[in-house]
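Trainee: Below is the structure I would like to discuss, written out as structure tokens.
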Amino acid sequence: AGTPLTLTCDITLDDLVDIPVIVTNQWTRNMMNITESTITVNLTETDTNHYTATLEFYPLSATYDNGEYQCTILVTADTADTYTTNITNETSTDVVVEDLPNPEVVTEVTGLEKPGEPYNLTCIVTVVDRLIVSPVIEWSKESVIGEENDISVYPMRYKDQLSLEFEFLNTSDAGEYTCDATVTVTQIGVTVTNSSVEVLQLQIPVPLVEVTRTQEYDNLLAGSTLTIYCDIDIDVNVDTPFNVTTTWTRNDTVLVSNSRVTIIGPYSTDFNGYQSRIEFSTLSSTMDSGVYTCDVSVTSDSDYLYVFDADNENDSTNFTVIDP
């Protein structure tokens, strides 16, 4: 169904027929006249005493066009000669029309599933040969629970392929991509569909973490002040909501603020930049020497199912506090 077909009835008169004749033909299906608008009947004279009758389906219908087709020919003398006799002949053939199958839809992926990397999604649709219409191909995307979201690139069509070509991936490109293919043959009132799903999962890259302090000496004096900074840079291709948390430790023991030590942050400093700091109002030689580590965690907003948390990262500094 959905494809064209031409039935041909070739007519050859005997070479001894040398008077004007009128050739007509009648097509029937299962002994019934054919009236569908999707079928065209033609009769042409191709040469002397040679005729061709055709029955053209544009397109075939599995509902109406199955059956035995009979081509009946009537040859009538185009004169008043009472000695000529009209003749008829016929031939038949069976036509079996199958339902239009669903299009075959597959997706091909090239590239790394990683923010900042190029990535291509191509939907390839295969339909039956000689189908009179082209399939409608559409991409859709879901990245947040229950919501259909915009696709950041414009689909590129080539024949029966539709591609999404990402120059580089952002975390907002993560999601479940569905390619829908629809074939509608309006002449016979038939629509068939199929789809393919591809899931693009992205992990937030490991953040860059750098710990610095206002006094860079290995030995610091008790009673002095000190600030330790933890600067955090999140990859620029992370453009979905995320949370940054920091944990400060000294010699692997978690630090908390007290009367001498204040832990601040993390807080935003610029686009995807964050900072946390420890402020010592008075260094103690008995309590503050050691290795200070800033452990950073970057987690994705829970609504974004296809964006995963970054692996934790940390940086450290160490010093000794001595009495003057």
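Convention: chains lettered A, B, ... in structure tokens order; per-chain residue numbering from 1; ligands numbered from 1 as shown.
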At a cut-off of 6 Å, using only C-alpha atoms, what residues contact Ala174 of chain A? Leave out same-chain residues fewer than 5 positions from it and give the result as a PyMOL selection string.

Mentor: chain A and resi 200-202+306

Trainee: Please produce an output containing C-alpha atoms for each residue in the selection, written as a JSON list (two decimals), in the first residue's frame.

Mentor:
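After the write, again.json holds the following:
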```
[["chain", "number", "residue", "atom", "x", "y", "z"],
["A", 200, "LEU", "CA", 22.29, 11.42, 26.33],
["A", 201, "GLN", "CA", 23.72, 11.39, 29.85],
["A", 202, "LEU", "CA", 26.32, 13.94, 30.90],
["A", 306, "TYR", "CA", 20.33, 13.01, 32.85]]
```

Trainee: Return as a list in words the full set of residues in segment 2-199 of chain A whose backbone-based DSSP assignment is helix (DSSP H, G or I).

Mentor: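 Listing helix (DSSP H, G or I) positions across segment 2-199 of chain A yields Thr171, Ser172, Asp173, Thr186, Gln187 and Ile188 of chain A.
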
Trainee: Between atom CA of Ser281 of chain A and atom CA of Gly223 of chain A, what is the spacing in Å?

Mentor: 8.1 Å

Trainee: Contacts of Thr40 of chain A at 9 Å or less, counting only C-alpha atoms, minus same-chain residues fewer than 5 places along, as an NGL selection string?

Mentor: :A and (54-58)

Trainee: Of the candidates A:Val127, A:Leu74, A:Leu43, A:Leu60, which one gets nearest to Thr3 of chain A if we count only C-alpha atoms?

Mentor: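 Of the candidates, the smallest distance to Thr3 of chain A is held by A:Leu60.
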
Trainee: Go through A:Asn258, A:Ser143, A:Gln26, A:Gln215 and flag the residue nearest Asp301 of chain A, using only C-alpha atoms for the distances.

Mentor: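 So, comparing all the options, the nearest one is A:Ser143.
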
Trainee: Measure the distance from atom CA of Leu131 of chain A to atom CA of Ser92 of chain A in Å and round it to one decimal.

Mentor: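 Distance reported for this atom pair: 25.5 Å.
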
Trainee: DSSP says strand (DSSP E) for which residues of segment 121-249 of chain A? Put them as a PDB file with N, CA and C atoms, in the first residue's frame?

Mentor:
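Contents of selection_9.pdb, as written:
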```
ATOM      1  N   LEU A 121      23.711  13.321  16.683  1.00  0.00           N
ATOM      2  CA  LEU A 121      22.641  12.332  16.735  1.00  0.00           C
ATOM      3  C   LEU A 121      21.966  12.325  15.373  1.00  0.00           C
ATOM      4  N   THR A 122      21.937  11.168  14.722  1.00  0.00           N
ATOM      5  CA  THR A 122      21.320  11.078  13.401  1.00  0.00           C
ATOM      6  C   THR A 122      20.199  10.050  13.433  1.00  0.00           C
ATOM      7  N   CYS A 123      19.035  10.487  12.988  1.00  0.00           N
ATOM      8  CA  CYS A 123      17.877   9.601  12.886  1.00  0.00           C
ATOM      9  C   CYS A 123      17.740   9.163  11.430  1.00  0.00           C
ATOM     10  N   ILE A 124      17.771   7.868  11.201  1.00  0.00           N
ATOM     11  CA  ILE A 124      17.692   7.312   9.849  1.00  0.00           C
ATOM     12  C   ILE A 124      16.361   6.567   9.712  1.00  0.00           C
ATOM     13  N   VAL A 125      15.584   6.985   8.724  1.00  0.00           N
ATOM     14  CA  VAL A 125      14.257   6.409   8.520  1.00  0.00           C
ATOM     15  C   VAL A 125      14.238   5.652   7.192  1.00  0.00           C
ATOM     16  N   THR A 126      13.747   4.427   7.231  1.00  0.00           N
ATOM     17  CA  THR A 126      13.639   3.600   6.031  1.00  0.00           C
ATOM     18  C   THR A 126      12.174   3.260   5.799  1.00  0.00           C
ATOM     19  N   VAL A 136       7.649  12.263   7.503  1.00  0.00           N
ATOM     20  CA  VAL A 136       7.878  13.431   8.355  1.00  0.00           C
ATOM     21  C   VAL A 136       8.710  12.969   9.542  1.00  0.00           C
ATOM     22  N   ILE A 137       9.866  13.614   9.749  1.00  0.00           N
ATOM     23  CA  ILE A 137      10.782  13.215  10.809  1.00  0.00           C
ATOM     24  C   ILE A 137      10.924  14.370  11.788  1.00  0.00           C
ATOM     25  N   GLU A 138      10.790  14.079  13.070  1.00  0.00           N
ATOM     26  CA  GLU A 138      10.901  15.113  14.090  1.00  0.00           C
ATOM     27  C   GLU A 138      11.680  14.596  15.295  1.00  0.00           C
ATOM     28  N   TRP A 139      12.518  15.470  15.848  1.00  0.00           N
ATOM     29  CA  TRP A 139      13.217  15.191  17.106  1.00  0.00           C
ATOM     30  C   TRP A 139      12.493  15.917  18.237  1.00  0.00           C
ATOM     31  N   SER A 140      12.381  15.264  19.377  1.00  0.00           N
ATOM     32  CA  SER A 140      11.909  15.913  20.594  1.00  0.00           C
ATOM     33  C   SER A 140      12.827  15.495  21.742  1.00  0.00           C
ATOM     34  N   LYS A 141      12.756  16.254  22.831  1.00  0.00           N
ATOM     35  CA  LYS A 141      13.706  16.031  23.923  1.00  0.00           C
ATOM     36  C   LYS A 141      13.027  16.256  25.266  1.00  0.00           C
ATOM     37  N   GLU A 142      13.353  15.387  26.204  1.00  0.00           N
ATOM     38  CA  GLU A 142      12.920  15.573  27.588  1.00  0.00           C
ATOM     39  C   GLU A 142      14.147  15.520  28.475  1.00  0.00           C
ATOM     40  N   SER A 143      14.409  16.606  29.200  1.00  0.00           N
ATOM     41  CA  SER A 143      15.558  16.630  30.105  1.00  0.00           C
ATOM     42  C   SER A 143      15.155  16.841  31.545  1.00  0.00           C
ATOM     43  N   VAL A 144      13.955  17.398  31.749  1.00  0.00           N
ATOM     44  CA  VAL A 144      13.408  17.578  33.088  1.00  0.00           C
ATOM     45  C   VAL A 144      12.169  16.707  33.190  1.00  0.00           C
ATOM     46  N   GLU A 147       8.657  17.132  31.295  1.00  0.00           N
ATOM     47  CA  GLU A 147       8.630  18.339  30.472  1.00  0.00           C
ATOM     48  C   GLU A 147       9.358  18.095  29.153  1.00  0.00           C
ATOM     49  N   GLU A 148       8.733  18.576  28.059  1.00  0.00           N
ATOM     50  CA  GLU A 148       9.417  18.555  26.771  1.00  0.00           C
ATOM     51  C   GLU A 148      10.203  19.849  26.637  1.00  0.00           C
ATOM     52  N   ASN A 149      11.486  19.726  26.302  1.00  0.00           N
ATOM     53  CA  ASN A 149      12.373  20.878  26.313  1.00  0.00           C
ATOM     54  C   ASN A 149      12.877  21.199  24.914  1.00  0.00           C
ATOM     55  N   MET A 156      19.185  19.095  10.939  1.00  0.00           N
ATOM     56  CA  MET A 156      19.617  19.145   9.545  1.00  0.00           C
ATOM     57  C   MET A 156      19.056  17.929   8.814  1.00  0.00           C
ATOM     58  N   ARG A 157      18.298  18.181   7.724  1.00  0.00           N
ATOM     59  CA  ARG A 157      17.649  17.101   6.967  1.00  0.00           C
ATOM     60  C   ARG A 157      18.459  16.777   5.734  1.00  0.00           C
ATOM     61  N   TYR A 158      18.697  15.481   5.496  1.00  0.00           N
ATOM     62  CA  TYR A 158      19.293  15.003   4.247  1.00  0.00           C
ATOM     63  C   TYR A 158      18.545  13.741   3.843  1.00  0.00           C
ATOM     64  N   GLN A 161      17.011  11.352   6.474  1.00  0.00           N
ATOM     65  CA  GLN A 161      17.794  11.418   7.699  1.00  0.00           C
ATOM     66  C   GLN A 161      17.636  12.803   8.320  1.00  0.00           C
ATOM     67  N   LEU A 162      17.586  12.837   9.644  1.00  0.00           N
ATOM     68  CA  LEU A 162      17.501  14.105  10.361  1.00  0.00           C
ATOM     69  C   LEU A 162      18.540  14.083  11.471  1.00  0.00           C
ATOM     70  N   SER A 163      19.489  15.029  11.401  1.00  0.00           N
ATOM     71  CA  SER A 163      20.635  15.023  12.311  1.00  0.00           C
ATOM     72  C   SER A 163      20.601  16.215  13.256  1.00  0.00           C
ATOM     73  N   LEU A 164      21.055  15.964  14.468  1.00  0.00           N
ATOM     74  CA  LEU A 164      21.321  17.010  15.452  1.00  0.00           C
ATOM     75  C   LEU A 164      22.839  17.075  15.614  1.00  0.00           C
ATOM     76  N   GLU A 165      23.423  18.186  15.190  1.00  0.00           N
ATOM     77  CA  GLU A 165      24.879  18.324  15.188  1.00  0.00           C
ATOM     78  C   GLU A 165      25.279  19.366  16.239  1.00  0.00           C
ATOM     79  N   PHE A 166      25.823  18.885  17.348  1.00  0.00           N
ATOM     80  CA  PHE A 166      26.264  19.758  18.423  1.00  0.00           C
ATOM     81  C   PHE A 166      27.744  20.081  18.229  1.00  0.00           C
ATOM     82  N   GLY A 175      19.603  14.588  27.995  1.00  0.00           N
ATOM     83  CA  GLY A 175      18.174  14.291  28.010  1.00  0.00           C
ATOM     84  C   GLY A 175      17.854  13.045  27.216  1.00  0.00           C
ATOM     85  N   GLU A 176      16.567  12.766  27.136  1.00  0.00           N
ATOM     86  CA  GLU A 176      16.062  11.642  26.346  1.00  0.00           C
ATOM     87  C   GLU A 176      15.556  12.199  25.021  1.00  0.00           C
ATOM     88  N   TYR A 177      16.224  11.814  23.953  1.00  0.00           N
ATOM     89  CA  TYR A 177      15.880  12.303  22.618  1.00  0.00           C
ATOM     90  C   TYR A 177      15.046  11.242  21.895  1.00  0.00           C
ATOM     91  N   THR A 178      13.922  11.680  21.360  1.00  0.00           N
ATOM     92  CA  THR A 178      13.032  10.776  20.626  1.00  0.00           C
ATOM     93  C   THR A 178      12.909  11.252  19.190  1.00  0.00           C
ATOM     94  N   CYS A 179      13.163  10.340  18.265  1.00  0.00           N
ATOM     95  CA  CYS A 179      12.957  10.625  16.851  1.00  0.00           C
ATOM     96  C   CYS A 179      11.671   9.937  16.410  1.00  0.00           C
ATOM     97  N   ASP A 180      10.710  10.751  15.989  1.00  0.00           N
ATOM     98  CA  ASP A 180       9.423  10.236  15.510  1.00  0.00           C
ATOM     99  C   ASP A 180       9.360  10.338  13.993  1.00  0.00           C
ATOM    100  N   ALA A 181       8.977   9.250  13.363  1.00  0.00           N
ATOM    101  CA  ALA A 181       8.783   9.239  11.908  1.00  0.00           C
ATOM    102  C   ALA A 181       7.323   8.904  11.609  1.00  0.00           C
ATOM    103  N   THR A 182       6.710   9.730  10.751  1.00  0.00           N
ATOM    104  CA  THR A 182       5.305   9.542  10.398  1.00  0.00           C
ATOM    105  C   THR A 182       5.162   9.515   8.882  1.00  0.00           C
ATOM    106  N   VAL A 183       4.442   8.528   8.399  1.00  0.00           N
ATOM    107  CA  VAL A 183       4.122   8.427   6.970  1.00  0.00           C
ATOM    108  C   VAL A 183       2.608   8.532   6.837  1.00  0.00           C
ATOM    109  N   THR A 184       2.160   9.549   6.120  1.00  0.00           N
ATOM    110  CA  THR A 184       0.728   9.749   5.895  1.00  0.00           C
ATOM    111  C   THR A 184       0.450   9.752   4.400  1.00  0.00           C
ATOM    112  N   VAL A 185      -0.358   8.813   3.948  1.00  0.00           N
ATOM    113  CA  VAL A 185      -0.786   8.748   2.547  1.00  0.00           C
ATOM    114  C   VAL A 185      -2.245   9.170   2.537  1.00  0.00           C
ATOM    115  N   VAL A 190      -4.261   6.579   5.160  1.00  0.00           N
ATOM    116  CA  VAL A 190      -3.434   5.706   5.982  1.00  0.00           C
ATOM    117  C   VAL A 190      -2.303   6.509   6.610  1.00  0.00           C
ATOM    118  N   THR A 191      -2.091   6.304   7.912  1.00  0.00           N
ATOM    119  CA  THR A 191      -0.963   6.904   8.626  1.00  0.00           C
ATOM    120  C   THR A 191      -0.282   5.831   9.454  1.00  0.00           C
ATOM    121  N   VAL A 192       1.032   5.726   9.311  1.00  0.00           N
ATOM    122  CA  VAL A 192       1.813   4.789  10.125  1.00  0.00           C
ATOM    123  C   VAL A 192       2.965   5.559  10.762  1.00  0.00           C
ATOM    124  N   THR A 193       3.368   5.141  11.952  1.00  0.00           N
ATOM    125  CA  THR A 193       4.409   5.844  12.693  1.00  0.00           C
ATOM    126  C   THR A 193       5.367   4.854  13.337  1.00  0.00           C
ATOM    127  N   ASN A 194       6.502   5.394  13.744  1.00  0.00           N
ATOM    128  CA  ASN A 194       7.464   4.625  14.528  1.00  0.00           C
ATOM    129  C   ASN A 194       8.413   5.628  15.168  1.00  0.00           C
ATOM    130  N   SER A 195       9.171   5.181  16.136  1.00  0.00           N
ATOM    131  CA  SER A 195      10.083   6.093  16.822  1.00  0.00           C
ATOM    132  C   SER A 195      11.292   5.337  17.349  1.00  0.00           C
ATOM    133  N   SER A 196      12.317   6.108  17.687  1.00  0.00           N
ATOM    134  CA  SER A 196      13.522   5.571  18.296  1.00  0.00           C
ATOM    135  C   SER A 196      13.974   6.538  19.374  1.00  0.00           C
ATOM    136  N   VAL A 197      14.486   6.000  20.473  1.00  0.00           N
ATOM    137  CA  VAL A 197      14.868   6.823  21.618  1.00  0.00           C
ATOM    138  C   VAL A 197      16.364   6.665  21.884  1.00  0.00           C
ATOM    139  N   GLU A 198      17.018   7.796  22.118  1.00  0.00           N
ATOM    140  CA  GLU A 198      18.435   7.802  22.466  1.00  0.00           C
ATOM    141  C   GLU A 198      18.601   8.677  23.714  1.00  0.00           C
ATOM    142  N   VAL A 199      19.273   8.149  24.725  1.00  0.00           N
ATOM    143  CA  VAL A 199      19.476   8.883  25.975  1.00  0.00           C
ATOM    144  C   VAL A 199      20.899   9.432  26.011  1.00  0.00           C
ATOM    145  N   LEU A 200      20.995  10.748  26.200  1.00  0.00           N
ATOM    146  CA  LEU A 200      22.290  11.418  26.326  1.00  0.00           C
ATOM    147  C   LEU A 200      22.484  11.796  27.790  1.00  0.00           C
ATOM    148  N   LEU A 202      25.101  13.150  30.757  1.00  0.00           N
ATOM    149  CA  LEU A 202      26.317  13.937  30.903  1.00  0.00           C
ATOM    150  C   LEU A 202      26.665  14.085  32.381  1.00  0.00           C
ATOM    151  N   GLN A 203      27.939  13.960  32.661  1.00  0.00           N
ATOM    152  CA  GLN A 203      28.423  14.166  34.023  1.00  0.00           C
ATOM    153  C   GLN A 203      29.103  15.521  34.116  1.00  0.00           C
ATOM    154  N   LEU A 208      37.911  22.566  39.059  1.00  0.00           N
ATOM    155  CA  LEU A 208      39.281  22.952  39.372  1.00  0.00           C
ATOM    156  C   LEU A 208      39.287  23.566  40.763  1.00  0.00           C
ATOM    157  N   VAL A 209      40.140  23.066  41.635  1.00  0.00           N
ATOM    158  CA  VAL A 209      40.197  23.523  43.026  1.00  0.00           C
ATOM    159  C   VAL A 209      41.620  23.957  43.351  1.00  0.00           C
ATOM    160  N   GLU A 210      41.752  25.151  43.895  1.00  0.00           N
ATOM    161  CA  GLU A 210      43.071  25.656  44.290  1.00  0.00           C
ATOM    162  C   GLU A 210      42.970  26.303  45.670  1.00  0.00           C
ATOM    163  N   VAL A 211      43.847  25.849  46.574  1.00  0.00           N
ATOM    164  CA  VAL A 211      43.893  26.396  47.930  1.00  0.00           C
ATOM    165  C   VAL A 211      45.112  27.309  48.051  1.00  0.00           C
ATOM    166  N   THR A 212      44.894  28.532  48.510  1.00  0.00           N
ATOM    167  CA  THR A 212      45.984  29.500  48.756  1.00  0.00           C
ATOM    168  C   THR A 212      45.759  30.126  50.125  1.00  0.00           C
ATOM    169  N   ARG A 213      46.772  30.825  50.610  1.00  0.00           N
ATOM    170  CA  ARG A 213      46.639  31.513  51.894  1.00  0.00           C
ATOM    171  C   ARG A 213      47.378  32.837  51.859  1.00  0.00           C
ATOM    172  N   ASN A 219      56.372  28.280  58.171  1.00  0.00           N
ATOM    173  CA  ASN A 219      56.262  28.508  59.610  1.00  0.00           C
ATOM    174  C   ASN A 219      55.605  29.858  59.851  1.00  0.00           C
ATOM    175  N   LEU A 220      54.486  29.825  60.567  1.00  0.00           N
ATOM    176  CA  LEU A 220      53.734  31.041  60.857  1.00  0.00           C
ATOM    177  C   LEU A 220      53.778  31.323  62.349  1.00  0.00           C
ATOM    178  N   LEU A 221      53.676  32.600  62.698  1.00  0.00           N
ATOM    179  CA  LEU A 221      53.787  33.002  64.098  1.00  0.00           C
ATOM    180  C   LEU A 221      52.441  32.913  64.802  1.00  0.00           C
ATOM    181  N   LEU A 226      45.381  34.872  59.711  1.00  0.00           N
ATOM    182  CA  LEU A 226      45.592  34.100  58.480  1.00  0.00           C
ATOM    183  C   LEU A 226      44.237  33.848  57.823  1.00  0.00           C
ATOM    184  N   THR A 227      44.233  33.914  56.499  1.00  0.00           N
ATOM    185  CA  THR A 227      43.058  33.511  55.720  1.00  0.00           C
ATOM    186  C   THR A 227      43.485  32.469  54.694  1.00  0.00           C
ATOM    187  N   ILE A 228      42.773  31.377  54.656  1.00  0.00           N
ATOM    188  CA  ILE A 228      43.003  30.324  53.650  1.00  0.00           C
ATOM    189  C   ILE A 228      41.835  30.367  52.667  1.00  0.00           C
ATOM    190  N   TYR A 229      42.160  30.438  51.388  1.00  0.00           N
ATOM    191  CA  TYR A 229      41.136  30.516  50.342  1.00  0.00           C
ATOM    192  C   TYR A 229      41.050  29.187  49.585  1.00  0.00           C
ATOM    193  N   CYS A 230      39.844  28.846  49.218  1.00  0.00           N
ATOM    194  CA  CYS A 230      39.604  27.691  48.332  1.00  0.00           C
ATOM    195  C   CYS A 230      38.854  28.220  47.121  1.00  0.00           C
ATOM    196  N   ASP A 231      39.538  28.347  45.967  1.00  0.00           N
ATOM    197  CA  ASP A 231      38.931  28.840  44.735  1.00  0.00           C
ATOM    198  C   ASP A 231      38.478  27.665  43.881  1.00  0.00           C
ATOM    199  N   ILE A 232      37.249  27.772  43.400  1.00  0.00           N
ATOM    200  CA  ILE A 232      36.614  26.661  42.685  1.00  0.00           C
ATOM    201  C   ILE A 232      36.129  27.165  41.340  1.00  0.00           C
ATOM    202  N   ASP A 233      36.531  26.481  40.268  1.00  0.00           N
ATOM    203  CA  ASP A 233      36.061  26.812  38.922  1.00  0.00           C
ATOM    204  C   ASP A 233      35.287  25.628  38.356  1.00  0.00           C
ATOM    205  N   PHE A 242      23.132  23.677  39.617  1.00  0.00           N
ATOM    206  CA  PHE A 242      23.967  22.772  40.408  1.00  0.00           C
ATOM    207  C   PHE A 242      24.208  23.395  41.780  1.00  0.00           C
ATOM    208  N   ASN A 243      24.709  22.590  42.684  1.00  0.00           N
ATOM    209  CA  ASN A 243      25.027  23.043  44.038  1.00  0.00           C
ATOM    210  C   ASN A 243      26.481  22.740  44.346  1.00  0.00           C
ATOM    211  N   VAL A 244      27.163  23.707  44.981  1.00  0.00           N
ATOM    212  CA  VAL A 244      28.562  23.545  45.365  1.00  0.00           C
ATOM    213  C   VAL A 244      28.647  23.528  46.890  1.00  0.00           C
ATOM    214  N   THR A 245      29.275  22.510  47.424  1.00  0.00           N
ATOM    215  CA  THR A 245      29.509  22.445  48.865  1.00  0.00           C
ATOM    216  C   THR A 245      30.987  22.189  49.113  1.00  0.00           C
ATOM    217  N   THR A 246      31.480  22.720  50.228  1.00  0.00           N
ATOM    218  CA  THR A 246      32.882  22.512  50.602  1.00  0.00           C
ATOM    219  C   THR A 246      32.954  21.967  52.012  1.00  0.00           C
ATOM    220  N   THR A 247      33.919  21.113  52.229  1.00  0.00           N
ATOM    221  CA  THR A 247      34.195  20.585  53.561  1.00  0.00           C
ATOM    222  C   THR A 247      35.669  20.836  53.858  1.00  0.00           C
ATOM    223  N   TRP A 248      35.945  21.549  54.960  1.00  0.00           N
ATOM    224  CA  TRP A 248      37.327  21.831  55.367  1.00  0.00           C
ATOM    225  C   TRP A 248      37.753  20.828  56.448  1.00  0.00           C
ATOM    226  N   THR A 249      38.953  20.308  56.275  1.00  0.00           N
ATOM    227  CA  THR A 249      39.502  19.414  57.298  1.00  0.00           C
ATOM    228  C   THR A 249      40.918  19.855  57.660  1.00  0.00           C
TER     229      THR A 249
END
```

Trainee: In Å, rounded to a single decimal, give me how far atom CA of Gln70 of chain A is from atom CA of Asp18 of chain A.

Mentor: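 It comes out at 27.6 Å.
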
Trainee: Which polymer residues have any atom within 7 Å of an atom of Tyr51 of chain A, counting only C-alpha atoms, with same-chain residues fewer than 3 positions away left out, as a list in words?

Mentor: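 So the residues in contact are Asp10, Ile11, Thr12, Thr44, Glu45, Thr46 and Asp47 of chain A.
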
Trainee: Using only C-alpha atoms, pick whichever of A:Glu167, A:Asp65, A:Asp15, A:Asp303 has the shortest atom-to-atom distance to Thr28 of chain A.

Mentor: A:Asp65

Trainee: Taking into account only C-alpha atoms, which residue in the set A:Ile234, A:Met287, A:Val106, A:Val307 is nearest to Gln275 of chain A?

Mentor: A:Ile234

Trainee: When you count only C-alpha atoms, which of these residues is closest to Ile22 of chain A: A:Thr240, A:Gln187, A:Thr253, A:Thr88?

Mentor: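 Checking each of A:Thr240, A:Gln187, A:Thr253, A:Thr88 against Ile22 of chain A, counting only C-alpha atoms, the winner is A:Thr88.
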
Trainee: Could you pull the residues within 9 Å of Val291 of chain A, counting only C-alpha atoms, minus those fewer than 5 positions along the same chain, as a list in words?

Mentor: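 Non-adjacent residues within range: Thr249, Arg250, Asn251, Asp252, Ser316, Thr317, Asn318 and Phe319 of chain A.
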
Trainee: Using only C-alpha atoms, pick whichever of A:Thr214, A:Thr48, A:Ser172, A:Thr72 has the shortest atom-to-atom distance to Asp150 of chain A.

Mentor: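 Closest residue, counting only C-alpha atoms: A:Ser172.
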
Trainee: Compile the contact shell of Val23 of chain A as a compact mmCIF listing (two decimals) with N, CA, C and O atoms, in the first residue's frame: residues with an atom at most 8 Å away, counting only C-alpha atoms, same-chain residues fewer than 4 positions apart removed.

Mentor:
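Dumped everything to part02.txt:
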```txt
# COMPACT_ATOMS: atom_id res chain seq x y z
N ILE A 73 -11.31 -6.61 -23.95
CA ILE A 73 -11.11 -5.82 -25.17
C ILE A 73 -12.27 -6.07 -26.14
O ILE A 73 -12.67 -7.22 -26.37
N LEU A 74 -12.78 -4.97 -26.70
CA LEU A 74 -13.81 -5.07 -27.73
C LEU A 74 -13.30 -4.36 -28.98
O LEU A 74 -12.89 -3.20 -28.92
N VAL A 75 -13.29 -5.09 -30.10
CA VAL A 75 -12.85 -4.54 -31.39
C VAL A 75 -14.08 -4.45 -32.29
O VAL A 75 -14.72 -5.47 -32.60
N THR A 76 -14.42 -3.23 -32.72
CA THR A 76 -15.61 -2.98 -33.53
C THR A 76 -15.19 -2.38 -34.86
O THR A 76 -14.36 -1.45 -34.90
```
